[in-house]
Amino acid sequence: MQNRPGTRDKAGEGLPQRVDAAFFLLIFAFAFTLRLIYLFRIKSFPLFYHLVGDARSYDEWARQIAAGDWLGKGVFYQAPLYPYFLGLLQVIFGHDLWSIRLIQITLGALSCSFLYLAGKLFLSREAGIAAGFMLSLYAPAIFFDALIQKTVLDLLLITLLLFLLAATESKPHWSRWGAAGVVMGLLGLTRENALVWLFALPIWIWLHFAAYKAQVRLRWVGIFLLGLALVLLPVGLRNLEVGGEFTLTTSQLGPNFFIGNNPLADGSYIPLRSGHSSSQYERRDATELAEQALGRSLTPGEVSAYWLRRSWDYISSQPSQWLRLIGRKWMMTWNVRELEDTEDFYLYQNWSAFLRVLGWANHFGVLAPLAALGFVLTWGQRRKLWLLYLLLGTLAFSVTLFYVFGRYRFSMVPLLTLFAGAGLTGLFALLRERSMRQLLTCAAVLLLAAAAVHWPMGEPGPSASALNNLGIALARQGRIAEAIRSYELAIRARPAFAVAHNNLASTLARQGKLDEAIRHYQEAVRIDPDYANAHNDLGVVLARWGDIDKAAIHFRLALRIQPQFAEAHQNLSRALAQQGKLCSGTCLSRRRQ
């Protein structure tokens with residue numbers, strides 16, 4: 001009779017430590033080799049060196065840090081750990097994206113080995129081995145590890161935390177509680193929604209170790225929180241010193257919550273201002289819109305509070321609509337589709353046959369059903385494993401509360417992979433035993449879970465946003481014909497995509513094709529009348545075309561939408577000068593600003 005997943009491998013516990021070391025190194029080598037092959041396959045991809053979206057913001061921030069600006073300015077808006085990690089690497093290697101990605105895939109491979117150790121301690125050696133190799137082969141993990149994105153640190157810190165918690169569960173010791181607190185604090189500086197575990201873990205410590213005296217458990221909780229404070233308190237003090245507000249992490253809670261919870265929300269990312277989908281705009285837009293609404297200058301904390309109030313107004317006034325939205329986001333969180341905003345998993349698959357093959361064999365639609373099977377097969381061990389249920393449930397809920405991206409729900413993958421490893425090893429054990437009744441139950445679980453995660457939500461293939469971002473990268477490289485083709489594919493994928501129309505128009509305008517450019521600019525403002533950038537860009541081309549009157553109309557429309565749009569003020573001033581009119585005092589004063 002084989003050991004069931006979730007039970008300890010008694011024979012394995014007596015094996016020499018070198019066996020664990022051998023599996024650790026074997027899984028690491030396997031995972032690293034796969035990631036290195038993939039890295040060579042995508043080095044010619046246009047987005048490899050031409051960064052867009054968050055990757056560009058992180059890289060620019062890291063360059064400032066590497067140049068000596070270690071404190072920065074203002075309260076942190078984005079999670080700071082990854083930019084500082086990048087900045088440190090740039091100090092060592094210079095601005096070498098290849099070397100940085102090489103370090104990242106090393107950390108990604110190390111995460112697979114840590115997951116093996118966690119699986120061995122929580123479940124069994126066999127389940128740990130299966131989990132380590134499954135994460136090694138998991139196509140989205142390979143994809144994320146090679147991006148200039150903080151997901152690589154999310155994965156490393158979560159697998160390390162799981163290993164520490166598994167080791168502490170078997171042998172509680174104050175040093176392990178302190179280490180777990182430090183890792184939890186670091187995780188909070190890269191994946192802020194994981195701070196929901198700040199409440200979950202003390203509950204687990206108190207209830208799971210009920211056999212220990214209350215004062216012992218209180219001391220353990222205190223040591224865990226002390227480790228957390230050692231990481232987060234300096235960040236709070238830095239924010240107080242530089243930005244004037246004591247904030248333990250960042251000030252983006254309010255805007256991010258509003259983006260996911262407002263009357264127009266659909267579960268994905270919709271920017272606060274039309275056309276401003278990049279993170280470089282989000283902080284400025286959140287501040288300007290809040291200050292316009294309240295008629296005064298606001299601190300970062302006040303800006304966050306404003307957007308939280310806006311969200312609560314929506315939730316309290318339309319609770320049924322909000323609950324339907326939450327239901328939709330919950331389904332998106334568990335759907336096979338990897339929802340992305342800038343760099344798209346499916347776009348990279350089109351470029352890399354290696355990733356395409358791995359993506360066919362091991363993706364979320366495979367992982368989640370196997371994890372569901374693991375839940376069933378380990379249910380008899382639920383008293384021991386309820387920490388994993390607690391961590392996974394609270395993390396999934398925290399993703400659903402905001403908005404859903406593949407890289408946001410990726411933090412759930414290590415936990416799912418542990419259960420998937422248990423499900424896979426348990427299924428093989430039942431096959432060897434030829435236990436038909438249990439095998440039929442397993443088949444039913446797999447089919448039901450697969451049907452749920454494969455529920456159609458979104459079109460197959462690369463997203464329109466990803467194709468648009470590829471067009472931007474191609475245009476920067478001077479590959480204009482390819483850029484135009486990419487924008488056209490984005491528009492074909494989403495005809496009412498104002499940003500792609502605007503970018504295509506700008507590219508055509510630079511080619512001197514003003515009539516085509518005007519047509520796409522006009523389509524952009526027709527689709528989205530509040531798209532200030534499109535009105536301004538249309539005005540510029542109309543001015544070049546010689547229609548100064550219409551150009552001035554669009555400059556004014558841009559300023560009505562976004563009063564602090566400096567470029568639109570300048571363009572309107574030029575248009576008025578060409579008409580022989582003096583710019584108004586308001587226009588001139590704002591131009592000076």
# chains A, B, ... in the order shown; residues from 1 in each chain; ligands from 1
>>> residues_around(residues="Ile223 (chain A)", least_positions_apart="4", cutoff="8 Å", atoms="only C-alpha atoms", output="PyMOL selection string")
chain A and resi 174+177-178+181+219+227
>>> residues_around(residues="region 266-274 of chain A", least_positions_apart="4", cutoff="10 Å", atoms="only C-alpha atoms", output="PyMOL selection string")
chain A and resi 255-256+258-262+278-279+281-283+285-286+289+325-333+339-341+400-405+498-499+528-534+561-562
>>> select_by_dssp(residues="region 471-568 of chain A", states="helix (DSSP H, G or I)", output="PyMOL selection string")
chain A and resi 471-476+480-493+498-510+514-527+532-545+548-561+566-568
>>> residues_around(residues="Gly458 (chain A)", least_positions_apart="3", cutoff="10 Å", atoms="only C-alpha atoms", output="PyMOL selection string")
chain A and resi 332+335+337-339+455+461+463
>>> residues_around(residues="region 93-110 of chain A", least_positions_apart="4", cutoff="7 Å", atoms="only C-alpha atoms", output="list in words")
Phe28, Ala31, Phe32, Arg35, Tyr49, Leu89, Phe114, Ser136, Asp145, Ala146, Val152 and Leu156 of chain A
>>> closest_residue(among="A:Leu474, A:Val221, A:Leu508, A:Ala139", to="Tyr38 (chain A)", atoms="only C-alpha atoms")
A:Ala139
>>> residues_around(residues="Arg519 (chain A)", least_positions_apart="5", cutoff="10 Å", atoms="only C-alpha atoms", output="list of chain:residue names")
A:His501, A:Asn502, A:Ala505, A:Leu514, A:Ala524, A:Leu538
>>> residues_around(residues="Ala490 (chain A)", least_positions_apart="5", cutoff="12 Å", atoms="only C-alpha atoms", output="ChimeraX atom specification")
/A:347,461-472,483-485,495-504
>>> residues_around(residues="Lys73 (chain A)", least_positions_apart="5", cutoff="12 Å", atoms="only C-alpha atoms", output="VMD selection string")
chain A and resid 61 64 to 65 238 to 244
>>> closest_residue(among="A:Ser251, A:Ser398, A:Gly275, A:Asn350", to="Glu302 (chain A)", atoms="only C-alpha atoms")
A:Ser251
>>> closest_residue(among="A:Ala141, A:Ala353, A:Leu388, A:Leu228", to="Ala180 (chain A)", atoms="only C-alpha atoms")
A:Leu228
>>> atom_distance(atom1="CA of Arg382 (chain A)", atom2="CA of Leu155 (chain A)")
24.5 Å
>>> closest_residue(among="A:Pro234, A:Arg309, A:Cys112, A:Ile148", to="Ala29 (chain A)", atoms="only C-alpha atoms")
A:Cys112
>>> atom_distance(atom1="CA of Phe76 (chain A)", atom2="CA of Thr249 (chain A)")
7.0 Å
>>> closest_residue(among="A:Leu355, A:Leu430, A:Leu117, A:Ala67", to="Tyr84 (chain A)", atoms="only C-alpha atoms")
A:Ala67
>>> atom_distance(atom1="CA of Ala371 (chain A)", atom2="CA of Leu416 (chain A)")
5.4 Å
